[in-house]
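Note: the block below is protein_12.txt and it holds compact mmCIF, C-alpha atoms.
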```txt
# COMPACT_ATOMS: atom_id res chain seq x y z
CA MET T 1 0.00 0.00 0.00
CA GLU T 2 2.81 2.40 0.94
CA GLN T 3 4.66 1.56 -2.30
CA THR T 4 1.52 2.33 -4.37
CA ARG T 5 1.18 5.75 -2.71
CA LYS T 6 4.81 6.59 -3.47
CA THR T 7 4.38 5.50 -7.09
CA ASN T 8 1.17 7.54 -7.45
CA LYS T 9 2.86 10.58 -5.88
CA LYS T 10 5.80 10.32 -8.28
CA ALA T 11 3.40 9.99 -11.23
CA LEU T 12 1.46 13.08 -10.13
CA ILE T 13 4.65 15.08 -9.69
CA GLY T 14 5.82 13.96 -13.15
CA ILE T 15 2.53 14.99 -14.75
CA PHE T 16 2.63 18.35 -12.95
CA VAL T 17 6.19 19.03 -14.15
CA LEU T 18 5.21 18.06 -17.72
CA VAL T 19 2.19 20.41 -17.67
CA ILE T 20 4.36 23.27 -16.36
CA ALA T 21 7.01 22.61 -19.05
CA ILE T 22 4.36 22.64 -21.80
CA ALA T 23 2.91 25.90 -20.45
CA VAL T 24 6.36 27.55 -20.36
CA LEU T 25 7.17 26.41 -23.92
CA ALA T 26 3.78 27.66 -25.16
CA ALA T 27 4.36 31.04 -23.50
CA VAL T 28 7.82 31.35 -25.06
CA TYR T 29 6.44 30.42 -28.50
CA PHE T 30 3.64 32.99 -28.34
CA ALA T 31 5.98 35.68 -27.02
CA PHE T 32 8.68 35.25 -29.67
CA ARG T 33 6.88 33.94 -32.78
CA ALA T 34 7.03 35.96 -35.96
CA ARG T 35 4.04 38.25 -36.23
CA PRO T 36 2.55 39.51 -39.47
CA GLU T 37 2.66 43.20 -40.27
CA THR T 38 -0.68 44.82 -41.04
CA GLY T 39 -1.24 47.50 -43.64
CA ASN T 40 0.08 48.12 -47.13
CA LYS T 41 3.49 46.68 -48.02
CA ASN T 42 5.70 46.57 -51.09
CA ILE T 43 7.53 43.26 -51.52
CA THR T 44 9.25 41.32 -54.27
CA ILE T 45 8.83 37.67 -55.11
CA GLU T 46 11.50 36.11 -57.29
CA VAL T 47 11.03 32.71 -58.93
CA VAL T 48 14.17 30.83 -60.01
CA ASN T 49 13.27 27.88 -62.23
CA LYS T 50 15.16 24.66 -63.01
CA GLU T 51 17.27 26.40 -65.70
CA GLN T 52 18.17 29.16 -63.20
CA GLU T 53 16.04 31.68 -65.12
CA THR T 54 14.58 34.34 -62.86
CA THR T 55 11.18 36.01 -62.96
CA THR T 56 10.54 38.85 -60.50
CA TYR T 57 7.16 40.05 -59.28
CA GLU T 58 6.73 43.42 -57.57
CA VAL T 59 3.73 43.13 -55.25
CA ASN T 60 1.89 45.92 -53.45
CA THR T 61 -0.20 44.08 -50.87
CA ASN T 62 -2.09 44.15 -47.61
CA ALA T 63 -1.38 40.43 -47.17
CA GLU T 64 -0.16 39.31 -43.79
CA TYR T 65 1.24 35.99 -45.03
CA LEU T 66 3.22 34.90 -48.07
CA ARG T 67 0.51 32.73 -49.65
CA GLN T 68 -1.86 35.69 -49.83
CA ALA T 69 0.84 37.83 -51.43
CA MET T 70 1.67 35.07 -53.94
CA GLU T 71 -2.01 34.89 -54.90
CA GLU T 72 -1.95 38.64 -55.60
CA ALA T 73 1.23 38.54 -57.72
CA ASP T 74 0.14 39.17 -61.31
CA GLY T 75 1.28 36.25 -63.49
CA LEU T 76 2.58 34.02 -60.68
CA THR T 77 0.89 30.63 -60.59
CA PHE T 78 1.40 27.86 -58.06
CA SER T 79 -0.27 24.73 -56.78
CA GLY T 80 0.38 21.84 -54.46
CA THR T 81 -1.17 19.67 -51.81
CA GLU T 82 -3.06 20.90 -48.75
CA SER T 83 -2.49 19.39 -45.32
CA GLU T 84 -3.04 20.37 -41.71
CA PHE T 85 0.27 22.25 -42.03
CA GLY T 86 -0.88 24.33 -45.01
CA LEU T 87 -0.04 24.20 -48.71
CA THR T 88 3.02 22.27 -49.85
CA VAL T 89 4.00 23.91 -53.14
CA ILE T 90 4.77 21.43 -55.91
CA THR T 91 4.28 23.47 -59.09
CA VAL T 92 5.29 27.09 -59.74
CA ASN T 93 4.61 28.81 -63.06
CA GLY T 94 3.84 25.45 -64.66
CA GLU T 95 7.10 23.78 -63.54
CA THR T 96 6.77 20.82 -61.17
CA ALA T 97 9.43 19.88 -58.64
CA ASP T 98 8.95 16.18 -57.84
CA TYR T 99 11.04 15.11 -54.88
CA ASN T 100 10.15 11.45 -55.37
CA THR T 101 11.51 11.45 -58.94
CA ASP T 102 14.72 13.47 -58.75
CA GLY T 103 14.94 15.01 -55.26
CA ALA T 104 13.64 18.38 -56.48
CA TYR T 105 11.57 20.79 -54.37
CA TRP T 106 10.72 24.48 -54.22
CA ALA T 107 12.82 26.21 -51.55
CA PHE T 108 11.49 29.44 -50.06
CA TYR T 109 13.73 32.26 -48.85
CA VAL T 110 12.98 35.62 -47.24
CA ASN T 111 15.64 38.34 -47.41
CA GLY T 112 18.28 35.75 -48.31
CA GLU T 113 17.49 33.41 -45.41
CA TYR T 114 15.68 30.07 -45.63
CA CYS T 115 12.04 30.52 -44.54
CA ASN T 116 11.28 29.05 -41.13
CA TYR T 117 7.58 28.77 -41.88
CA GLY T 118 5.32 27.44 -44.62
CA ILE T 119 3.76 29.89 -47.04
CA ASP T 120 0.51 29.95 -45.03
CA THR T 121 2.29 31.16 -41.88
CA GLN T 122 5.33 33.04 -43.27
CA PRO T 123 4.75 36.69 -42.27
CA VAL T 124 5.14 39.45 -44.85
CA ALA T 125 6.77 42.77 -43.89
CA GLU T 126 7.44 45.98 -45.81
CA GLY T 127 10.38 45.59 -48.17
CA ASP T 128 10.67 41.81 -47.88
CA ALA T 129 12.34 40.01 -50.78
CA PHE T 130 11.12 36.45 -51.23
CA SER T 131 12.74 33.86 -53.45
CA ILE T 132 11.10 30.64 -54.62
CA THR T 133 13.93 28.50 -55.97
CA TYR T 134 13.84 25.16 -57.78
CA THR T 135 16.24 23.06 -55.72
CA VAL T 136 17.56 19.52 -56.08
CA TYR T 137 18.56 17.78 -52.86
```
Before we go any further, please render this structure as structure tokens.
Amino acid sequence: MEQTRKTNKKALIGIFVLVIAIAVLAAVYFAFRARPETGNKNITIEVVNKEQETTTYEVNTNAEYLRQAMEEADGLTFSGTESEFGLTVITVNGETADYNTDGAYWAFYVNGEYCNYGIDTQPVAEGDAFSITYTVY
């Protein structure tokens, strides 16, 4: 009986510590996550295809996230598969990157740095320069 109480007490303490750790991590995430910028913004979206040819789109937008801005870019087309994580881009301007065939995918960059978010959650800020680059792994 005494052993069962000690085991139950340890389990409760473990659960309590786990709940506290999750709460702290959630607070840190919400405090430091990238936030979208509201209002009008001027950005550029550059597409680099398989042949390394570049097409640049100047976009004046109120979009808070990259996908919205891409939808507003005149002449830019893209498609992919939807999941609980958002859109995974497979085709840009009619060119498909098929990872299963040749290890190719569309890499997304913002201001020269690899995007840390998908296009549905990548914030857009005034003056941002996005690059969508055909990449082979």
Task: Surrounding residues of Thr38 of chain T excluding itself and chain neighbours under 2 positions, 9 Å, all atoms listed in the file, as number ranges by chain - done: T: 36, 40-41, 62-64, 124-125
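If you look at atom CA of Met70 of chain T and atom CA of Ile45 of chain T, they are 7.7 Å away from each other.
Nearest to Asp74 of chain T of all the residues T:Thr88, T:Ser131, T:Thr7, T:Asn93 is T:Asn93, counting all atoms listed in the file.
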Open item on the list: As an exercise, work out the distance from atom CA of Glu58 of chain T to atom CA of Gly86 of chain T in Å and give it to one decimal place.
Closed with: 24.1 Å
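Distances from T:Thr55, T:Asp128, T:Val47, T:Glu95 to Phe108 of chain T were compared using all atoms listed in the file, and the smallest one belongs to T:Val47.
Pairwise distance (atom CA of Lys9 of chain T, atom CA of Val24 of chain T) equals 22.6 Å.
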- [ ] Between T:Ile119, T:Val110, T:Val92, T:Ala97, single out the one closest to Val136 of chain T, counting only C-alpha atoms.
- [x] T:Ala97
